[in-house]
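Below is one structure, written out as structure tokens, with a few remarks after it.
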Amino acid sequence: MAWIKLREILWDNPFQKWFLAGLVIVNALGSVWGYIWYRNQFAATPWQVWPFVPDSPLSSTLMTMALFTLLVGRRNVLFQLLAFTAVIKYGLWAVVLITDFWLAGGQQAVTEWMLWLSHLGMAAEGYLFLRHLPVRAWHVALVGGWMAFNDYVDYAWGLHPYLFTGDQLLLALVSAVALTAFISTTITLLYLKGPGMKHFRAE
């Protein structure tokens, strides 16, 4: 039945080549659109710190690259872990901020809905693959430290993405830190669980 096939793709074994190839294309296009979205913030920011500015498109770029490595049969668990956790974090972070904007009476135009759905999709695809990774203790330390450093840069240096309203700053900070803690806990549990599941290479 169709739902059984869907479960096989989305849960049991998402490492099928046609599925990976499709996600590579979607993430690559989304990344390009994301960098265009950040053009005004790039223009107002010194180029030396540009790598810290576009949180979402950078995470989807990493996801594109990680999916491509899976597609061609390469295994780099640390890089893939960085990519999968990044899209989860910044996908959920954006969903929280957009939802808050709507609840405060902000417009619900097509652009905002596209942003909301695309970022929710980022988080979903990250988890879809994350749960299969064979995580090690040093992976947890490096990824958790990297996410915490990004939070510091975003909010101590003021490089966080532009917000919908000025009064969202506290929510943005708390959400980012909470997601760092949540994802760090999640990958710690994956480490304690043991080796990832058998479907790790593209088939």
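Chain labels A, B, ... are given in the sequence in which chains occur in the structure tokens; within each chain residues are numbered consecutively from 1, and ligands are likewise numbered from 1 in the order shown.
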
Per-residue nearest contacts range 47-145 of chain A to range 183-195 of chain A, cut-off 8 Å, using only C-alpha atoms, as CSV:
residue,atom,partner,partner_atom,distance
A:Thr85,CA,A:Ile183,CA,6.9
A:Lys89,CA,A:Ile183,CA,7.4
A:Arg131,CA,A:Leu190,CA,7.2
A:Leu133,CA,A:Pro195,CA,7.2
A:Pro134,CA,A:Pro195,CA,4.4
A:Val135,CA,A:Tyr191,CA,4.8
A:Arg136,CA,A:Tyr191,CA,5.6
A:Ala137,CA,A:Tyr191,CA,6.5
A:Val140,CA,A:Thr188,CA,6.2
A:Val143,CA,A:Ser184,CA,7.6
A:Gly144,CA,A:Ser184,CA,5.4

Contact table range 2-100 of chain A vs range 154-168 of chain A, cut-off 12 Å, shortest pair per residue, only C-alpha atoms, as a Markdown table:
| residue | atom | partner | partner_atom | distance |
| --- | --- | --- | --- | --- |
| A:Gly34 | CA | A:Pro161 | CA | 11.5 |
| A:Tyr35 | CA | A:Pro161 | CA | 11.7 |
| A:Trp37 | CA | A:Tyr162 | CA | 10.5 |
| A:Tyr38 | CA | A:Pro161 | CA | 8.2 |
| A:Arg39 | CA | A:Tyr162 | CA | 11.1 |
| A:Asn40 | CA | A:Tyr162 | CA | 9.5 |
| A:Gln41 | CA | A:Tyr162 | CA | 7.3 |
| A:Phe42 | CA | A:Pro161 | CA | 10.3 |
| A:Ala44 | CA | A:Leu159 | CA | 10.6 |
| A:Thr45 | CA | A:Leu159 | CA | 8.3 |
| A:Pro46 | CA | A:Leu159 | CA | 10.4 |
| A:Trp47 | CA | A:Leu159 | CA | 11.9 |
| A:Gln48 | CA | A:Leu159 | CA | 11.8 |
| A:Val49 | CA | A:Leu159 | CA | 8.3 |
| A:Trp50 | CA | A:Leu159 | CA | 8.9 |
| A:Pro51 | CA | A:Leu159 | CA | 10.0 |
| A:Phe52 | CA | A:Leu159 | CA | 6.8 |
| A:Val53 | CA | A:Leu159 | CA | 5.7 |
| A:Pro54 | CA | A:Pro161 | CA | 6.8 |
| A:Asp55 | CA | A:Pro161 | CA | 7.1 |
| A:Ser56 | CA | A:Pro161 | CA | 8.8 |
| A:Pro57 | CA | A:Pro161 | CA | 10.9 |
| A:Leu58 | CA | A:Pro161 | CA | 11.9 |
| A:Tyr90 | CA | A:Pro161 | CA | 10.4 |
| A:Trp93 | CA | A:Pro161 | CA | 10.7 |
| A:Ala94 | CA | A:Leu163 | CA | 9.6 |
| A:Val96 | CA | A:Gln168 | CA | 10.4 |
| A:Leu97 | CA | A:Gln168 | CA | 7.5 |
| A:Ile98 | CA | A:Phe164 | CA | 7.7 |
| A:Thr99 | CA | A:Phe164 | CA | 10.6 |
| A:Asp100 | CA | A:Gln168 | CA | 8.2 |

Taking 4 positions as the minimum chain separation for residues in the same chain, which residues sit within 7 Å of Val177 in chain A when counting only C-alpha atoms? Answer as a short mmCIF file (atom, residue, chain, number, x, y, z; two decimals) with N, CA and C atoms, in the first residue's frame.
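Below is the file around.cif, written as the result:
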data_model
loop_
_atom_site.label_atom_id
_atom_site.label_comp_id
_atom_site.auth_asym_id
_atom_site.auth_seq_id
_atom_site.Cartn_x
_atom_site.Cartn_y
_atom_site.Cartn_z
N ASP A 151 25.52 30.63 18.83
CA ASP A 151 24.60 31.44 19.63
C ASP A 151 25.32 32.66 20.20
N LEU A 173 16.78 34.81 21.25
CA LEU A 173 17.90 34.33 22.05
C LEU A 173 17.52 33.08 22.84
N ALA A 181 20.44 23.34 23.50
CA ALA A 181 20.38 22.37 24.60
C ALA A 181 19.58 21.13 24.20
#

- Task: Mind the document's chain letters and residue numbers, and return as a ChimeraX atom specification the residues of chain A that DSSP labels alpha helix (DSSP H).
- Result: /A:2-7,17-37,39-43,55-71,77-103,110-130,137-156,169-193

- Item | Selected residue of minimal separation from Leu81 in chain A among A:Trp33, A:Trp102, A:Phe129, A:Trp113, counting only C-alpha atoms |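 For Leu81 in chain A, the nearest of the given residues is A:Phe129.
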
- All residues 12 Å or closer to Leu23 in chain A, only C-alpha atoms, same chain fewer than 2 positions away omitted, as a ChimeraX atom specification: /A:14-21,25-31,60-61,63-68,70-71,121-122,125-126,128-129

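Reported to one decimal place, the separation of CA of Thr180 in chain A from CA of Asn150 in chain A is 9.6 Å.
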
- May I ask which of the residues A:Leu62, A:Ala141, A:Gly73, A:Ile88 is the closest one to Ser118 in chain A, counting only C-alpha atoms?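 Nearest to Ser118 in chain A: A:Ile88.
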
- Hey, can you check how far CA of Val153 in chain A sits from CA of Thr69 in chain A?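 Straight-line distance from CA of Val153 in chain A to CA of Thr69 in chain A works out to 28.5 Å.
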
- Query: Expressed in Å to a single decimal, how great is the separation between CA of Leu103 in chain A and CA of Ala176 in chain A?
  - Reply: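 Taking CA of Leu103 in chain A and CA of Ala176 in chain A, their separation equals 19.2 Å.
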